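Before any comments, here is the structure.
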Amino acid sequence: MSIKLSLETAKNVLLEADEKRARIDDGTGKTVRSIIKGPHKTYRYVLITALLAKAADSRVDILSIQAKDDSAGAYDARELCHKVIVPFERDNYPMGLGGSNEPYLNKPARYPRLSLQNAVRKGQDRKTLETLIGILKKIADEGTALKYLSSAIADIEAVSIEYNSQYQLDSVTFDKNGNAQQILDYIYHVTDDAREGETCPILVAALEQIYLGNGVEVKAHKVNESGASSKEIGDIDIFNGNDIVYSIEVKDKDFTKDDVGHAIRKFTDAHLEKSMFIFGKNARWDKCSVLQLVARMGRIGHYCCVMSILDFAKIRLMNSPEGTNMKCFSSTIMEMAKKIHATEETVNWLKSNLSKI
């Protein structure tokens, strides 16, 4: 029979571990750190969840993942992680574990328990699984689990600080008289490189936020990753309070009429009447077929505006608030890069070109 963990108890234990957080540099502490800072995001969550479970209830089988596991110490690790670990990370150490909303939906966490028989890719992933199992087998009681949970939280804090520091612009200097033309010059240059499709969505979201002002929320989503939220419609969604107003799809590669049609179907399914489809400056597309499609859709109730990133930028900059300059634009770029969890390479590309303006 599985154990029903008290989530309230687990939350209190996690807060206690957070208060006592301090790096431990013995062999176990270093191994825990190697997983927290390692490349496999799911196993980071599995590790911290297992440590918390054992620290909260000594009966827990630390290698168990699902309540249906045959072990007498089986418990629901998914519930513990999604309801306790995930909000704790989001509220205290953003991106300290990787910023996942539902990590136990990933395949490595779908097995009843951690085992070397679990299917995993060879190489680094297999090695991480072996290391994870080896280290957890050494955690025999609540006190030991709490000790290394506290050390792990110190590591998570360090990762979060390092992650968020990349979005700081302390090293970039600006001409205080920077204007709309300087912003446009920057956009012309920086869009030379799509950076795996991240450059254009960041710029579009930044321009839209400046144009609309802080009273409206511009939600930019991670590129090429389906969202967990039912309210996530396009690449960028515009909210007024809790209500979605319109959505924007951004395509920084060649596209077809079918790509536009797919985007419009998403928008109409969400009962949106208006949307934008913005494409990169080097994208190739069949103008005739695409415009015929959007005209046909417009006649039956959904208006989709198709335009290039450069035309969009010119329009938004013309209508941007007085005082808009490179400094406020660059800060908003970094804000949007952070929202979509842009890669370090993309952030460095955006920063390096800011320094040239």
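All residue names refer to the structure tokens as shown: chains lettered A, B, ... in order, residues numbered from 1 in each chain, ligands numbered from 1 in order.
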
- Query: Which residues in stretch 85-288 of chain A does DSSP call alpha helix (DSSP H)? List them as a PyMOL selection string.
  - Reply: chain A and resi 86-92+124-136+142-165+180-190+199-212+257-269+287-288

- Task: Considering only C-alpha atoms, return as a PyMOL selection string whatever protein or nucleic-acid residues lie within 10 Å of A:Thr199, sequence-local ones (same chain, fewer than 2 positions apart) excluded.
- Result: chain A and resi 187+190-197+201-204+223+252+280+333+337+342+346-347+349-350

For A:Arg21, work out the shell of residues within 12 Å, counting only C-alpha atoms and skipping chain neighbours fewer than 5 positions away, then give it as a compact mmCIF listing (two decimals) with N, CA and C atoms, in the first residue's frame.
```
# COMPACT_ATOMS: atom_id res chain seq x y z
N VAL A 13 8.78 21.40 5.41
CA VAL A 13 10.13 20.84 5.37
C VAL A 13 10.97 21.57 4.33
N LEU A 14 10.37 21.87 3.20
CA LEU A 14 11.09 22.58 2.13
C LEU A 14 11.50 23.98 2.59
N LEU A 15 10.60 24.65 3.29
CA LEU A 15 10.93 25.98 3.81
C LEU A 15 12.03 25.91 4.85
N GLU A 16 12.01 24.85 5.67
CA GLU A 16 13.07 24.66 6.67
C GLU A 16 14.41 24.44 5.98
N LEU A 146 17.28 15.74 4.61
CA LEU A 146 17.15 17.18 4.86
C LEU A 146 18.49 17.89 4.67
N LYS A 147 19.54 17.26 5.12
CA LYS A 147 20.89 17.83 5.00
C LYS A 147 21.24 18.11 3.55
N TYR A 148 21.02 17.10 2.68
CA TYR A 148 21.40 17.29 1.28
C TYR A 148 20.35 18.04 0.47
N LEU A 149 19.12 18.07 1.00
CA LEU A 149 18.11 18.94 0.40
C LEU A 149 18.51 20.40 0.59
N SER A 150 18.99 20.74 1.77
CA SER A 150 19.45 22.10 2.04
C SER A 150 20.62 22.48 1.14
N SER A 151 21.53 21.54 0.94
CA SER A 151 22.66 21.79 0.06
C SER A 151 22.19 21.97 -1.38
N ALA A 152 21.22 21.15 -1.79
CA ALA A 152 20.69 21.25 -3.16
C ALA A 152 20.02 22.59 -3.40
N ILE A 153 19.31 23.10 -2.39
CA ILE A 153 18.65 24.40 -2.55
C ILE A 153 19.69 25.51 -2.70
N ALA A 154 20.81 25.40 -2.00
CA ALA A 154 21.89 26.38 -2.19
C ALA A 154 22.40 26.33 -3.62
N ASP A 155 22.48 25.13 -4.19
CA ASP A 155 22.91 24.99 -5.58
C ASP A 155 21.87 25.57 -6.54
N ILE A 156 20.60 25.33 -6.23
CA ILE A 156 19.52 25.86 -7.06
C ILE A 156 19.55 27.39 -7.04
N GLU A 157 19.80 27.97 -5.88
CA GLU A 157 19.91 29.43 -5.75
C GLU A 157 21.04 29.95 -6.64
N ALA A 158 22.18 29.27 -6.63
CA ALA A 158 23.32 29.71 -7.43
C ALA A 158 23.01 29.65 -8.92
```

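Neighbours of A:Ser320 closer than or equal to 9 Å, with only C-alpha atoms counted and sequence neighbours fewer than 2 positions away skipped, come out as Ala180, Leu207, Ile210, Tyr211, Leu212, Ile315, Arg316, Leu317, Met318, Glu322, Gly323 and Thr324 of chain A.
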
- Message: Give me the residues near stretch 262-269 of chain A as a PyMOL selection string, where near means some atom within 12 Å (using only C-alpha atoms) and where sequence neighbours in that chain fewer than 6 positions away do not count.
- Response: chain A and resi 230-237+244-251+255-256+275-278+290+293-298+300-306

- Message: Give me, as a list in words, the residues of stretch 35-258 of chain A that a backbone DSSP run labels strand (DSSP E or B).
- Response: Ser64, Arg113, Glu217, Val218, Lys219, Ala220, Ile236, Asp237, Ile238, Phe239, Asn240, Asp243, Ile244, Val245, Tyr246, Ser247, Ile248, Glu249, Val250 and Lys251 of chain A

Atoms kept (C-alpha atoms) for selection, written as a compact mmCIF listing (two decimals), in the first residue's frame:
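File written: out-v7.txt
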```
# COMPACT_ATOMS: atom_id res chain seq x y z
CA SER A 64 9.87 5.29 -5.99
CA ARG A 113 10.42 3.78 -9.87
CA GLU A 217 0.23 42.09 -20.56
CA VAL A 218 2.25 40.75 -23.48
CA LYS A 219 2.86 37.04 -22.90
CA ALA A 220 5.67 35.66 -25.05
CA ILE A 236 2.71 35.91 -28.31
CA ASP A 237 -0.66 36.45 -26.60
CA ILE A 238 -2.02 39.83 -25.57
CA PHE A 239 -4.06 39.97 -22.36
CA ASN A 240 -6.18 42.67 -20.82
CA ASP A 243 -9.00 38.14 -21.05
CA ILE A 244 -6.99 37.39 -24.18
CA VAL A 245 -7.49 40.17 -26.72
CA TYR A 246 -5.51 38.97 -29.74
CA SER A 247 -2.60 36.74 -30.61
CA ILE A 248 0.52 36.90 -32.76
CA GLU A 249 2.25 34.10 -34.66
CA VAL A 250 5.90 34.70 -35.58
CA LYS A 251 7.66 32.72 -38.30
```

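Coordinates place atom CA of A:Lys138 at a distance of 22.4 Å from atom CA of A:Val120.
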
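Distance-wise, atom CA of A:Leu80 and atom CA of A:Ser34 end up 22.7 Å apart.
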
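Rounded to one decimal, atom CA of A:Ser115 and atom CA of A:Leu129 lie 8.2 Å from each other.
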